[in-house]
Every structure is written in C-alpha cells, then in structure tokens.
>>> print(open('start_23.txt').read())   # compact mmCIF, C-alpha atoms and all ligand atoms
# COMPACT_ATOMS: atom_id res chain seq x y z
CA MET A 269 72.29 139.42 75.85
CA SER A 270 71.31 139.84 79.44
CA ARG A 271 74.02 139.93 82.02
CA GLU A 272 71.64 140.59 84.90
CA VAL A 273 72.70 137.37 86.56
CA ILE A 274 76.22 138.75 86.95
CA LYS A 275 75.09 142.25 87.86
CA ASN A 276 72.94 140.96 90.69
CA SER A 277 75.48 138.56 92.13
CA LYS A 278 77.04 139.02 95.52
CA ARG A 279 79.74 136.37 95.94
CA TRP A 280 82.41 135.57 93.36
CA VAL A 281 85.23 133.12 93.16
CA ILE A 282 87.86 134.71 90.94
CA LYS A 283 90.42 132.39 89.40
CA ILE A 284 93.61 133.79 87.94
CA GLY A 285 95.84 131.39 86.05
CA SER A 286 99.62 131.15 85.62
CA ALA A 287 99.60 132.41 82.04
CA LEU A 288 98.24 135.76 83.21
CA LEU A 289 100.16 136.09 86.43
CA THR A 290 103.59 135.53 85.16
CA ASP A 291 105.65 137.95 83.26
CA ASP A 292 106.43 135.54 80.41
CA GLY A 293 108.12 133.15 82.78
CA ARG A 294 109.94 135.93 84.62
CA GLY A 295 108.21 135.50 87.95
CA LEU A 296 105.06 137.27 89.03
CA ASP A 297 103.73 140.25 87.14
CA ARG A 298 103.37 142.50 90.17
CA SER A 299 101.89 145.44 88.34
CA ALA A 300 99.17 143.22 86.85
CA ILE A 301 98.48 141.88 90.36
CA ALA A 302 98.22 145.44 91.66
CA GLY A 303 95.65 146.13 88.93
CA TRP A 304 93.45 143.14 89.77
CA VAL A 305 93.68 143.90 93.47
CA GLU A 306 92.49 147.45 92.80
CA GLN A 307 89.58 146.05 90.79
CA MET A 308 88.73 143.52 93.49
CA VAL A 309 88.69 146.27 96.11
CA ALA A 310 86.26 148.21 93.90
CA LEU A 311 84.09 145.10 93.62
CA ARG A 312 84.00 144.76 97.37
CA GLN A 313 82.85 148.35 97.59
CA ARG A 314 79.94 147.34 95.37
CA GLY A 315 79.12 144.67 97.95
CA VAL A 316 80.61 141.66 96.18
CA GLU A 317 82.40 139.13 98.40
CA ILE A 318 85.50 137.60 96.87
CA VAL A 319 87.43 134.36 97.14
CA LEU A 320 90.54 134.41 95.01
CA VAL A 321 91.99 131.25 93.48
CA SER A 322 95.45 132.00 92.20
CA SER A 323 98.23 130.03 90.56
CA GLY A 324 101.68 131.43 89.92
CA ALA A 325 103.62 129.72 92.69
CA VAL A 326 105.79 127.59 90.40
CA ALA A 327 106.68 130.56 88.21
CA GLU A 328 107.61 132.71 91.19
CA GLY A 329 109.54 129.84 92.77
CA MET A 330 111.57 129.36 89.60
CA THR A 331 112.58 133.01 89.67
CA ARG A 332 113.49 132.87 93.34
CA LEU A 333 115.57 129.75 92.80
CA GLY A 334 117.23 131.23 89.73
CA TRP A 335 115.89 128.54 87.38
CA SER A 336 115.44 129.85 83.87
CA GLU A 337 113.82 126.71 82.51
CA ARG A 338 110.79 124.98 83.91
CA PRO A 339 111.98 121.68 85.41
CA THR A 340 110.34 118.47 84.24
CA ALA A 341 110.53 116.45 87.47
CA VAL A 342 107.36 116.82 89.52
CA HIS A 343 109.32 117.01 92.79
CA ASP A 344 111.29 119.99 91.45
CA LEU A 345 108.04 121.68 90.43
CA GLN A 346 106.62 120.99 93.89
CA ALA A 347 109.71 122.50 95.50
CA ALA A 348 109.43 125.55 93.25
CA ALA A 349 105.74 125.87 94.17
CA ALA A 350 106.56 125.74 97.88
CA VAL A 351 109.18 128.48 97.49
CA GLY A 352 107.03 130.56 95.16
CA GLN A 353 103.84 130.33 97.23
CA MET A 354 105.57 132.63 99.73
CA GLY A 355 106.04 135.26 97.04
CA LEU A 356 102.55 134.76 95.71
CA VAL A 357 100.82 135.42 99.01
CA GLN A 358 103.23 138.24 99.75
CA ALA A 359 102.31 139.90 96.45
CA TYR A 360 98.58 139.78 97.22
CA GLU A 361 98.96 140.61 100.89
CA SER A 362 101.06 143.72 100.22
CA GLN A 363 98.65 145.00 97.57
CA PHE A 364 95.51 144.42 99.65
CA GLN A 365 97.22 145.97 102.65
CA LYS A 366 97.23 149.30 100.81
CA TYR A 367 93.45 149.21 101.15
CA ASP A 368 93.56 148.00 104.76
CA LEU A 369 92.38 144.55 103.80
CA HIS A 370 93.75 141.26 105.05
CA THR A 371 94.32 138.15 103.00
CA ALA A 372 94.42 134.53 104.14
CA GLN A 373 96.32 131.65 102.58
CA ILE A 374 94.30 128.53 101.85
CA LEU A 375 95.96 125.51 100.27
CA LEU A 376 93.52 122.82 99.19
CA ASP A 377 93.27 119.71 97.09
CA HIS A 378 90.31 117.93 95.54
CA ASP A 379 90.26 115.29 98.26
CA ASP A 380 89.81 117.97 100.87
CA LEU A 381 86.55 118.82 99.18
CA SER A 382 85.22 115.31 98.66
CA ASN A 383 86.02 114.15 102.20
CA ARG A 384 83.01 115.34 104.21
CA THR A 385 84.83 116.24 107.42
CA ARG A 386 87.39 118.30 105.56
CA TYR A 387 84.66 119.75 103.37
CA LEU A 388 82.82 121.11 106.41
CA ASN A 389 86.07 122.38 107.92
CA ALA A 390 87.15 124.15 104.73
CA ARG A 391 83.66 125.55 104.32
CA SER A 392 83.46 126.98 107.80
CA THR A 393 86.94 128.48 107.58
CA LEU A 394 86.19 130.15 104.25
CA THR A 395 82.79 131.46 105.26
CA THR A 396 84.21 132.78 108.52
CA LEU A 397 86.96 134.58 106.60
CA LEU A 398 84.35 136.15 104.33
CA GLN A 399 82.35 137.29 107.34
CA LEU A 400 85.52 138.84 108.74
CA GLY A 401 86.01 140.75 105.50
CA VAL A 402 89.24 138.90 104.70
CA ILE A 403 90.16 137.88 101.13
CA PRO A 404 90.99 134.16 101.00
CA VAL A 405 93.75 133.38 98.49
CA VAL A 406 93.43 129.74 97.46
CA ASN A 407 95.89 127.59 95.55
CA GLU A 408 96.39 123.90 95.11
CA ASN A 409 98.42 122.31 97.89
CA ASP A 410 101.25 121.28 95.60
CA THR A 411 103.24 119.59 98.36
CA VAL A 412 100.70 116.79 98.56
CA VAL A 413 98.96 116.83 95.17
CA THR A 414 100.05 117.77 91.72
CA ASP A 415 96.88 118.07 89.66
CA GLU A 416 97.63 121.59 88.61
CA ILE A 417 101.29 120.92 88.05
CA ARG A 418 100.41 117.93 85.88
CA PHE A 419 97.13 118.93 84.28
CA GLY A 420 96.91 122.69 84.68
CA ASP A 421 93.85 122.18 86.72
CA ASN A 422 93.22 125.10 89.04
CA ASP A 423 90.01 125.68 87.04
CA THR A 424 88.52 122.60 88.67
CA LEU A 425 89.69 123.72 92.08
CA GLY A 426 88.04 127.09 91.41
CA ALA A 427 84.77 125.32 90.62
CA LEU A 428 84.94 123.15 93.72
CA VAL A 429 85.54 126.25 95.84
CA THR A 430 82.55 127.85 94.11
CA ASN A 431 80.41 124.89 95.23
CA LEU A 432 81.95 125.00 98.68
CA VAL A 433 81.17 128.64 99.45
CA GLU A 434 78.02 128.63 97.30
CA ALA A 435 79.31 131.53 95.30
CA ASP A 436 76.94 133.08 92.79
CA GLY A 437 79.61 132.89 90.17
CA LEU A 438 83.02 131.68 89.13
CA VAL A 439 85.04 134.24 87.19
CA ILE A 440 87.93 132.65 85.29
CA LEU A 441 90.43 135.24 84.13
CA THR A 442 92.60 133.98 81.33
CA ASP A 443 94.74 135.29 78.47
CA GLN A 444 91.97 134.95 75.88
CA ASP A 445 88.77 136.93 75.43
CA GLY A 446 86.61 133.94 76.28
CA LEU A 447 85.46 130.77 74.60
CA PHE A 448 85.53 130.82 70.81
CA GLU A 449 83.60 128.64 68.41
CA GLN A 450 86.94 127.55 66.98
CA ASP A 451 90.51 127.82 68.23
CA PRO A 452 91.28 131.52 67.64
CA ARG A 453 94.98 130.79 67.27
CA LYS A 454 94.29 128.64 64.23
CA TYR A 455 91.23 130.49 62.94
CA PRO A 456 91.63 134.24 63.45
CA GLU A 457 88.04 134.75 62.26
CA ALA A 458 86.63 132.51 65.01
CA LYS A 459 83.62 133.98 66.81
CA LEU A 460 83.43 134.50 70.55
CA VAL A 461 80.58 132.72 72.35
CA PRO A 462 78.96 135.49 74.42
CA GLN A 463 76.60 133.25 76.38
CA ALA A 464 75.57 129.61 76.60
CA SER A 465 74.25 127.10 79.05
CA ALA A 466 77.10 125.36 80.88
CA SER A 467 75.45 122.04 80.10
CA ASP A 468 75.33 122.64 76.33
CA GLU A 469 77.22 119.71 74.82
CA VAL A 470 78.45 121.72 71.90
CA LEU A 471 80.77 123.67 74.22
CA GLU A 472 83.18 120.84 74.83
CA ALA A 473 83.68 120.36 71.13
CA MET A 474 84.30 124.08 70.74
CA ALA A 475 86.77 124.13 73.60
CA GLY A 476 88.73 121.31 71.98
CA SER A 477 91.87 120.65 73.91
CA SER A 478 93.62 123.92 73.29
CA VAL A 479 96.58 123.99 75.61
CA GLY A 480 98.52 127.17 76.27
CA GLY A 481 102.16 127.61 77.23
CA LEU A 482 102.73 128.43 80.88
CA GLY A 483 99.22 127.91 82.11
CA ARG A 484 98.22 124.46 81.02
CA GLY A 485 94.50 124.51 81.69
CA GLY A 486 93.00 124.79 78.24
CA MET A 487 89.42 125.79 77.46
CA THR A 488 88.25 122.22 78.05
CA THR A 489 89.04 122.36 81.74
CA LYS A 490 87.25 125.73 81.85
CA VAL A 491 84.09 124.31 80.31
CA LYS A 492 84.24 121.35 82.69
CA ALA A 493 84.75 123.77 85.57
CA ALA A 494 81.63 125.66 84.46
CA GLN A 495 79.66 122.41 84.52
CA LEU A 496 80.90 121.71 88.04
CA ALA A 497 80.10 125.24 89.20
CA ALA A 498 76.61 124.85 87.76
CA ARG A 499 76.01 121.99 90.22
CA SER A 500 75.56 124.58 92.93
CA GLY A 501 73.61 126.85 90.61
CA SER A 502 76.57 129.15 89.92
CA PHE A 503 77.34 130.87 86.64
CA THR A 504 80.85 130.93 85.17
CA VAL A 505 82.42 133.74 83.17
CA ILE A 506 85.58 133.25 81.15
CA ALA A 507 87.14 136.62 80.41
CA ASN A 508 90.41 138.22 79.46
CA GLY A 509 92.33 139.26 82.57
CA ARG A 510 94.34 141.75 80.54
CA GLU A 511 91.30 143.74 79.46
CA SER A 512 91.28 147.00 81.40
CA GLU A 513 88.78 147.08 84.27
CA VAL A 514 87.61 143.60 83.32
CA LEU A 515 86.07 142.87 86.74
CA GLY A 516 84.30 146.21 86.94
CA LYS A 517 82.92 145.78 83.43
CA LEU A 518 81.61 142.32 84.27
CA ALA A 519 80.01 143.59 87.45
CA ALA A 520 78.37 146.40 85.50
CA GLY A 521 76.82 143.84 83.17
CA ASP A 522 78.94 144.61 80.11
CA SER A 523 78.85 141.89 77.53
CA ILE A 524 82.49 140.83 77.55
CA GLY A 525 83.88 137.31 77.81
CA THR A 526 81.79 134.16 77.76
CA LEU A 527 79.00 133.66 80.27
CA LEU A 528 78.09 130.04 80.97
CA THR A 529 74.87 129.82 82.90
CA ALA A 530 73.53 127.17 85.27
CA SER A 531 70.20 125.66 84.34
CA GLN A 532 69.03 125.25 87.90
CA LYS A 533 68.40 127.73 90.66
CA PRO A 534 71.07 127.59 93.40
CA LEU A 535 68.83 126.04 96.03
CA ALA A 536 67.47 123.29 93.80
CA ALA A 537 70.93 122.51 92.51
CA ARG A 538 72.39 122.36 95.97
CA LYS A 539 69.66 120.07 97.24
CA GLN A 540 70.12 117.70 94.37
CA TRP A 541 73.84 117.67 94.92
CA LEU A 542 73.54 117.10 98.67
CA LEU A 543 71.05 114.32 98.27
CA GLY A 544 72.49 112.75 95.18
CA GLN A 545 76.09 112.12 95.93
CA LEU A 546 76.13 110.72 99.42
CA GLN A 547 74.94 107.64 101.19
CA LEU A 548 72.99 107.90 104.39
CA GLN A 549 75.16 106.99 107.33
CA GLY A 550 72.90 107.42 110.29
CA LYS A 551 69.64 108.70 111.68
CA LEU A 552 68.64 111.31 114.19
CA VAL A 553 65.27 110.83 115.88
CA LEU A 554 63.78 114.27 116.52
CA ASP A 555 61.21 115.41 119.04
CA ASP A 556 57.98 116.97 117.77
CA GLY A 557 59.18 120.50 118.38
CA ALA A 558 62.27 120.03 116.25
CA VAL A 559 60.21 118.39 113.47
CA LYS A 560 57.98 121.47 113.41
CA VAL A 561 60.93 123.86 113.38
CA LEU A 562 62.54 122.08 110.44
CA GLN A 563 59.35 121.79 108.43
CA GLN A 564 57.99 125.23 109.05
CA SER A 565 60.85 127.62 109.48
CA GLY A 566 63.79 126.06 107.62
CA ARG A 567 66.07 126.72 110.57
CA SER A 568 69.13 124.72 111.64
CA LEU A 569 68.79 121.54 113.67
CA LEU A 570 70.01 121.96 117.25
CA ALA A 571 71.09 119.14 119.53
CA VAL A 572 68.30 119.98 121.97
CA GLY A 573 65.69 118.64 119.54
CA VAL A 574 67.27 115.20 119.12
CA ARG A 575 66.08 112.23 121.20
CA GLU A 576 68.10 109.42 119.76
CA VAL A 577 71.14 108.95 117.52
CA GLN A 578 71.29 105.82 115.37
CA GLY A 579 74.33 104.51 113.54
CA ASN A 580 77.97 105.27 113.58
CA PHE A 581 79.08 108.22 111.53
CA LEU A 582 81.77 110.86 111.30
CA ARG A 583 81.48 114.63 111.22
CA GLY A 584 80.29 115.62 107.76
CA ALA A 585 78.27 112.45 107.15
CA LEU A 586 74.85 112.61 105.52
CA VAL A 587 72.21 111.63 108.08
CA ALA A 588 68.44 111.39 107.98
CA CYS A 589 66.28 113.27 110.46
CA ILE A 590 63.23 111.19 111.35
CA ASP A 591 60.18 111.83 113.50
CA ALA A 592 58.95 109.62 116.33
CA GLU A 593 57.06 107.43 113.84
CA GLY A 594 60.17 106.88 111.77
CA SER A 595 59.26 109.01 108.77
CA GLU A 596 62.01 111.07 107.30
CA VAL A 597 61.59 114.84 107.51
CA ALA A 598 65.01 116.06 106.40
CA ARG A 599 68.55 115.12 105.46
CA GLY A 600 71.74 116.93 106.11
CA LEU A 601 75.46 116.96 106.80
CA VAL A 602 76.03 116.56 110.51
CA ASN A 603 78.59 118.69 112.37
CA TYR A 604 79.45 116.10 115.03
CA ASN A 605 80.29 112.41 114.92
CA ALA A 606 77.81 109.85 116.27
CA ASP A 607 79.43 109.55 119.65
CA GLU A 608 79.52 113.31 120.19
CA ALA A 609 75.97 113.63 118.90
CA ARG A 610 74.81 111.10 121.53
CA ARG A 611 76.52 113.08 124.24
CA ILE A 612 75.01 116.42 123.30
CA MET A 613 71.53 115.29 122.20
CA GLY A 614 68.72 116.83 124.22
CA GLN A 615 71.09 119.53 125.45
CA ALA A 616 71.09 123.26 124.85
CA SER A 617 73.79 124.46 122.44
CA ASP A 618 75.49 126.60 125.08
CA ARG A 619 76.31 123.43 127.02
CA ILE A 620 78.22 121.80 124.14
CA THR A 621 81.61 123.17 125.18
CA GLU A 622 81.16 121.94 128.74
CA ILE A 623 80.05 118.47 127.61
CA LEU A 624 82.58 117.85 124.84
CA GLY A 625 85.45 119.92 126.19
CA TYR A 626 85.82 122.01 123.05
CA GLN A 627 83.81 124.62 121.25
CA GLY A 628 82.36 123.17 118.09
CA ASP A 629 79.48 124.33 115.94
CA GLU A 630 76.37 125.65 117.59
CA GLU A 631 74.12 123.61 115.30
CA LEU A 632 74.02 119.85 114.92
CA ILE A 633 73.13 120.40 111.27
CA HIS A 634 73.45 123.90 109.84
CA ARG A 635 70.49 125.02 107.74
CA ASP A 636 72.75 125.52 104.72
CA ASN A 637 73.57 121.83 104.85
CA LEU A 638 70.01 120.67 105.51
CA VAL A 639 67.36 119.70 103.01
CA THR A 640 63.79 119.22 104.21
CA LEU A 641 61.81 116.57 102.37
N1 LIG B 1 99.68 125.37 91.76
C1 LIG B 1 100.87 125.70 91.03
C2 LIG B 1 101.12 127.19 91.01
O1 LIG B 1 100.40 127.93 91.57
C3 LIG B 1 100.93 125.04 89.72
C4 LIG B 1 101.00 125.88 88.50
C5 LIG B 1 101.95 125.34 87.44
O2 LIG B 1 102.06 124.12 87.30
O3 LIG B 1 102.57 126.16 86.78
O4 LIG B 1 102.08 127.66 90.50
>>> encode(input="start_23.txt", output="structure tokens", more="lines below")
Ligand code: GLU
Amino acid sequence: MSREVIKNSKRWVIKIGSALLTDDGRGLDRSAIAGWVEQMVALRQRGVEIVLVSSGAVAEGMTRLGWSERPTAVHDLQAAAAVGQMGLVQAYESQFQKYDLHTAQILLDHDDLSNRTRYLNARSTLTTLLQLGVIPVVNENDTVVTDEIRFGDNDTLGALVTNLVEADGLVILTDQDGLFEQDPRKYPEAKLVPQASASDEVLEAMAGSSVGGLGRGGMTTKVKAAQLAARSGSFTVIANGRESEVLGKLAAGDSIGTLLTASQKPLAARKQWLLGQLQLQGKLVLDDGAVKVLQQSGRSLLAVGVREVQGNFLRGALVACIDAEGSEVARGLVNYNADEARRIMGQASDRITEILGYQGDEELIHRDNLVTL
C-alpha cells in the first residue's frame, strides 16, 4: 500500500508515550531516548520539521523521589510530574545537544488550544521555534490539568498540537506494532491494519478499550487522536517505538505500523474547521485595495487596509472582513482585540509598535488564519 503521503511530508508531530519511555517503571529509558533523538536528527536532515510530544514525567519523578509504587492520589502524581519534567527535558536537551540542536519546553493543556487567544499565542511560539530550528518538547501541564494522569491522554494533546502547527502528520510511537483487528494480547493471530481512513467507523470497534500498564492511553484514544488530526488534513501513523530505525523506515515509506489517512486535503479541512467551530464576533470593513489583495493574492490582511472595526472582540476571535457594500469577502482569526484594531486601522504595520506601545504581529489577520469566501 502506498506510503507516499508519509514520504512526501515535511512536518511531523511525534508522540512518545510513558510505556515506551520508562524502563519498566524504573525512570526514563535514557538509551531508548538517545536512539529516538538520533533518528529525529536524521529526519531533520531529510528536511522534516519535528515537534515532540513526550510523556514520562511521572515515571521519572517517581524515581527521583524514591517512590517504588505509583501513587494513587492525583496531587501526588502531579507533584511527581513536576519533579520528573525536569529530568524529562534534561534527557532530551542533553541528547539533542550532541547534535548542536536546542530544545524548548512547552507545557500545554486542552483549554490552551480551545481558547482563541492562547491558541494564537501557542501557535506563534511553536512556529517561531520551528523557524529557529529548535525542537519543541511538549507535555501536558500536569500542575493545572490531569487529563493524561487520569485518562492517559497525551494522544489527544498530540493531535491538537498537530492541528495547531498544521503538521502533515502525527506519528504515535507506542509499544505495539500498530492497530490490530483484534486485541493482539488476547488473540495472538490478530492481523495488523496497515492502512485505513481515520474516519472509518470500524476502527473504533477494533481499537476496543485496550488499556496498557504504565501508559494508559489505549488504542481507542489513538484512533480518536487520528480523527482529530484529520480535521487539519493530517495523517496519523501508529507504530512500534521499539522497532529499530522506526522513524527512518516510516520516512522512507516502508509499510510498518498503521497509517490512518485524512479524507480531506489540508487546506479544505482547515477552512472547514476555522469556519465551522467559531461564532463571528466582529467585522472589519476593508478598503477596495485590501479587498482586491485578499481575493486575488491570498495574502495576509494588514491594518492599513481596514477602514472601520465593528464589534467588541478579543485577540483570536473569528471576524468577518466585509467590503464597503457590506458583503463578506473573508473570515479569519484576528491578532488584535477590537480596541487595538481601531487604533491601528488605516496605519502601516511598522507604526504598530509606536501606536500600541508593544510589538505585536505584523498582520491583523495572518493568511494562515484567513479563509476567503
Ligand atoms: N503527563 C504525565 C507525564 O508525562 C502523565 C503521564 C502519566 O500519568 O504517567 O508523565
């Protein structure tokens, strides 16, 4: 089956779960980490950008605190995660350093990605890091949320990050070879699913609710994550992180693991997602020049082309761009709140700092967050 979609991809979110990262509950498996880092460096040399989503903080924290048994109280797990996160980032940082690469710690929760202001902030930080050639290392912010601690849910976070950075694909490394038609632990003869559409309903039944030991995200959360990733047109691969050179093999198009494909092209998916999930919170009346620019060249909307700002909205809100006659030409997520937008409208972007007193985004709506109608 064709793996061209993976071979041709340029931006991956790679999710590594607790079950793989920990040495059977004895803290982080540093030699395994060294192996994945080496593979990720090779991927980068092939021109693939990487965002890493990694668990393992609780396990490392338990070791550091000398706890041999996983505590049951959530606050103890959170404390362990806070201690262990230090070791987790240290492990990645020291390995990547060998290749002269920097890492960055990003702690997120689901709310960060559904709140529009935070969404734009997280997005611009992550894309800036990628431009700088840094490897972002993302984990759930266990101090304030406990989805992963409770539900084993870093798969979902991986998918949301995939949407956020518009990655081509989400690669979920786990301790199994992929998704099987039946639970391979009960049915040793079970067949691996090499490829399917992420939206295929049969997958959820196949995934069942198999729940592993240390990592508690079963196959069901992985299938759901693939469906989420597909919203931005991204594929998902579920593969065995212990297979030698697993990342290189995937990048070369080898048929390993399970590939779950998105049914829509990235752009169409993203437009639908942008338009579908948010309510309009304001309007920007554009001058004729800006209308032309948006319609003809698909460029970003600059403040200079706006004549009037209607409504009261926050940074990250969905606003309509209308022409002088009131017909809508585009919709997008705005980088400034209504008050700021009023102050900078009609002005050149290089005056924004002087007017607002801080240096924000150059565009009022970035083209990536803009859909012309
Ligand atoms: N985010 C946590 C971690 O990285 C949770 C994992 C767990 O519950 O074991 O360790």
>>> closest_atom_pairs(input="start_23.txt", of="chain A", to="ligand LIG 1 (chain B)", cutoff="9 Å", atoms="only C-alpha atoms and all ligand atoms", output="Markdown table")
| residue | atom | partner | partner_atom | distance |
| --- | --- | --- | --- | --- |
| A:Gly285 | CA | B:LIG1 | C4 | 7.9 |
| A:Ser286 | CA | B:LIG1 | O3 | 5.9 |
| A:Ala287 | CA | B:LIG1 | O3 | 8.4 |
| A:Ser322 | CA | B:LIG1 | O1 | 6.4 |
| A:Ser323 | CA | B:LIG1 | O1 | 3.2 |
| A:Gly324 | CA | B:LIG1 | O4 | 3.8 |
| A:Ala325 | CA | B:LIG1 | O4 | 3.4 |
| A:Val326 | CA | B:LIG1 | O4 | 3.7 |
| A:Ala327 | CA | B:LIG1 | O4 | 5.9 |
| A:Glu328 | CA | B:LIG1 | O4 | 7.5 |
| A:Gly329 | CA | B:LIG1 | O4 | 8.1 |
| A:Arg338 | CA | B:LIG1 | O3 | 8.8 |
| A:Leu345 | CA | B:LIG1 | O2 | 7.2 |
| A:Gln346 | CA | B:LIG1 | C1 | 8.0 |
| A:Ala348 | CA | B:LIG1 | O4 | 8.1 |
| A:Ala349 | CA | B:LIG1 | O4 | 5.5 |
| A:Ala350 | CA | B:LIG1 | O4 | 8.8 |
| A:Gly352 | CA | B:LIG1 | O4 | 7.4 |
| A:Gln353 | CA | B:LIG1 | O1 | 7.0 |
| A:Leu356 | CA | B:LIG1 | O1 | 8.3 |
| A:Asn407 | CA | B:LIG1 | N1 | 5.8 |
| A:Glu408 | CA | B:LIG1 | N1 | 4.9 |
| A:Asn409 | CA | B:LIG1 | N1 | 7.0 |
| A:Asp410 | CA | B:LIG1 | N1 | 5.8 |
| A:Thr414 | CA | B:LIG1 | C3 | 7.6 |
| A:Asp415 | CA | B:LIG1 | C3 | 8.1 |
| A:Glu416 | CA | B:LIG1 | C3 | 4.9 |
| A:Ile417 | CA | B:LIG1 | O2 | 3.4 |
| A:Arg418 | CA | B:LIG1 | O2 | 6.6 |
| A:Phe419 | CA | B:LIG1 | O2 | 7.8 |
| A:Gly420 | CA | B:LIG1 | O2 | 6.0 |
| A:Asp421 | CA | B:LIG1 | C3 | 8.2 |
| A:Asn422 | CA | B:LIG1 | N1 | 7.0 |
| A:Leu482 | CA | B:LIG1 | O3 | 6.3 |
| A:Gly483 | CA | B:LIG1 | O3 | 6.0 |
| A:Arg484 | CA | B:LIG1 | O2 | 7.4 |
>>> closest_residue(input="start_23.txt", among="A:Tyr626, A:Met613, A:Arg619, A:Leu641", to="Glu596 (chain A)", atoms="only C-alpha atoms")
A:Leu641
>>> atom_distance(input="start_23.txt", atom1="CA of Ala588 (chain A)", atom2="CA of Gln615 (chain A)")
19.5 Å
>>> closest_residue(input="start_23.txt", among="A:Met330, A:Ile440, A:Ala519, A:Val412", to="Asp344 (chain A)", atoms="all atoms listed in the file")
A:Met330
>>> atom_distance(input="start_23.txt", atom1="CA of Gly525 (chain A)", atom2="CA of Ile506 (chain A)")
5.5 Å
>>> closest_residue(input="start_23.txt", among="A:Ile274, A:Ala606, A:Val319, A:Leu554", to="Thr395 (chain A)", atoms="all atoms listed in the file")
A:Val319
>>> atom_distance(input="start_23.txt", atom1="CA of Asp468 (chain A)", atom2="CA of Gln444 (chain A)")
20.7 Å
>>> residues_around(input="start_23.txt", residues="Val602 (chain A)", least_positions_apart="3", cutoff="10 Å", atoms="all atoms listed in the file", output="mmCIF file with C-alpha atoms, in the frame of the given file")
data_model
loop_
_atom_site.group_PDB
_atom_site.id
_atom_site.type_symbol
_atom_site.label_atom_id
_atom_site.label_comp_id
_atom_site.auth_asym_id
_atom_site.auth_seq_id
_atom_site.Cartn_x
_atom_site.Cartn_y
_atom_site.Cartn_z
ATOM 1 C CA ARG A 384 83.010 115.340 104.210
ATOM 2 C CA THR A 385 84.830 116.240 107.420
ATOM 3 C CA LEU A 388 82.820 121.110 106.410
ATOM 4 C CA GLY A 550 72.900 107.420 110.290
ATOM 5 C CA LEU A 552 68.640 111.310 114.190
ATOM 6 C CA LEU A 569 68.790 121.540 113.670
ATOM 7 C CA PHE A 581 79.080 108.220 111.530
ATOM 8 C CA LEU A 582 81.770 110.860 111.300
ATOM 9 C CA ARG A 583 81.480 114.630 111.220
ATOM 10 C CA GLY A 584 80.290 115.620 107.760
ATOM 11 C CA ALA A 585 78.270 112.450 107.150
ATOM 12 C CA LEU A 586 74.850 112.610 105.520
ATOM 13 C CA VAL A 587 72.210 111.630 108.080
ATOM 14 C CA ALA A 588 68.440 111.390 107.980
ATOM 15 C CA ARG A 599 68.550 115.120 105.460
ATOM 16 C CA ASN A 605 80.290 112.410 114.920
ATOM 17 C CA ALA A 606 77.810 109.850 116.270
ATOM 18 C CA ALA A 609 75.970 113.630 118.900
ATOM 19 C CA GLU A 631 74.120 123.610 115.300
ATOM 20 C CA LEU A 632 74.020 119.850 114.920
ATOM 21 C CA ILE A 633 73.130 120.400 111.270
ATOM 22 C CA HIS A 634 73.450 123.900 109.840
ATOM 23 C CA ASN A 637 73.570 121.830 104.850
ATOM 24 C CA LEU A 638 70.010 120.670 105.510
#
>>> axis_aligned_box(input="start_23.txt", around="region 273-276 of chain A", padding_each_side="5 Å", output="AutoDock Vina command-line options")
--center_x 74.5 --center_y 139.8 --center_z 88.6 --size_x 13.5 --size_y 14.9 --size_z 14.1
>>> closest_residue(input="start_23.txt", among="A:Glu449, A:Glu317, A:Asp377, A:Lys492", to="Leu397 (chain A)", atoms="all atoms listed in the file")
A:Glu317
>>> closest_residue(input="start_23.txt", among="A:Gly315, A:Gly557, A:Gly594, A:Gly401", to="Asp368 (chain A)", atoms="all atoms listed in the file")
A:Gly401
>>> closest_atom_pairs(input="start_23.txt", of="region 352-411 of chain A", to="region 299-307 of chain A", cutoff="8 Å", atoms="all atoms listed in the file", output="Markdown table")
| residue | atom | partner | partner_atom | distance |
| --- | --- | --- | --- | --- |
| A:Ala359 | CA | A:Ile301 | CA | 7.5 |
| A:Tyr360 | CA | A:Ile301 | CA | 7.2 |
| A:Gln363 | CA | A:Ala302 | CA | 5.9 |
| A:Phe364 | CA | A:Val305 | CA | 6.5 |
>>> build_atoms(input="start_23.txt", residues="region 324-335 of chain A", atoms="N, CA and C atoms", output="CSV table (one decimal), keeping the file's coordinate frame")
chain,number,residue,atom,x,y,z
A,324,GLY,N,100.5,130.5,90.0
A,324,GLY,CA,101.7,131.4,89.9
A,324,GLY,C,102.8,131.1,90.8
A,325,ALA,N,102.6,130.1,91.7
A,325,ALA,CA,103.6,129.7,92.7
A,325,ALA,C,104.9,129.1,92.0
A,326,VAL,N,104.6,128.2,91.1
A,326,VAL,CA,105.8,127.6,90.4
A,326,VAL,C,106.6,128.6,89.7
A,327,ALA,N,106.0,129.5,89.0
A,327,ALA,CA,106.7,130.6,88.2
A,327,ALA,C,107.5,131.4,89.1
A,328,GLU,N,106.9,131.9,90.2
A,328,GLU,CA,107.6,132.7,91.2
A,328,GLU,C,108.8,131.9,91.9
A,329,GLY,N,108.5,130.7,92.2
A,329,GLY,CA,109.5,129.8,92.8
A,329,GLY,C,110.7,129.7,91.9
A,330,MET,N,110.5,129.5,90.6
A,330,MET,CA,111.6,129.4,89.6
A,330,MET,C,112.5,130.6,89.6
A,331,THR,N,111.8,131.8,89.6
A,331,THR,CA,112.6,133.0,89.7
A,331,THR,C,113.4,133.1,90.9
A,332,ARG,N,112.8,132.8,92.1
A,332,ARG,CA,113.5,132.9,93.3
A,332,ARG,C,114.7,131.9,93.4
A,333,LEU,N,114.5,130.8,92.8
A,333,LEU,CA,115.6,129.8,92.8
A,333,LEU,C,116.6,130.0,91.7
A,334,GLY,N,116.3,130.9,90.8
A,334,GLY,CA,117.2,131.2,89.7
A,334,GLY,C,117.2,130.2,88.6
A,335,TRP,N,116.0,129.5,88.5
A,335,TRP,CA,115.9,128.5,87.4
A,335,TRP,C,115.3,129.2,86.2
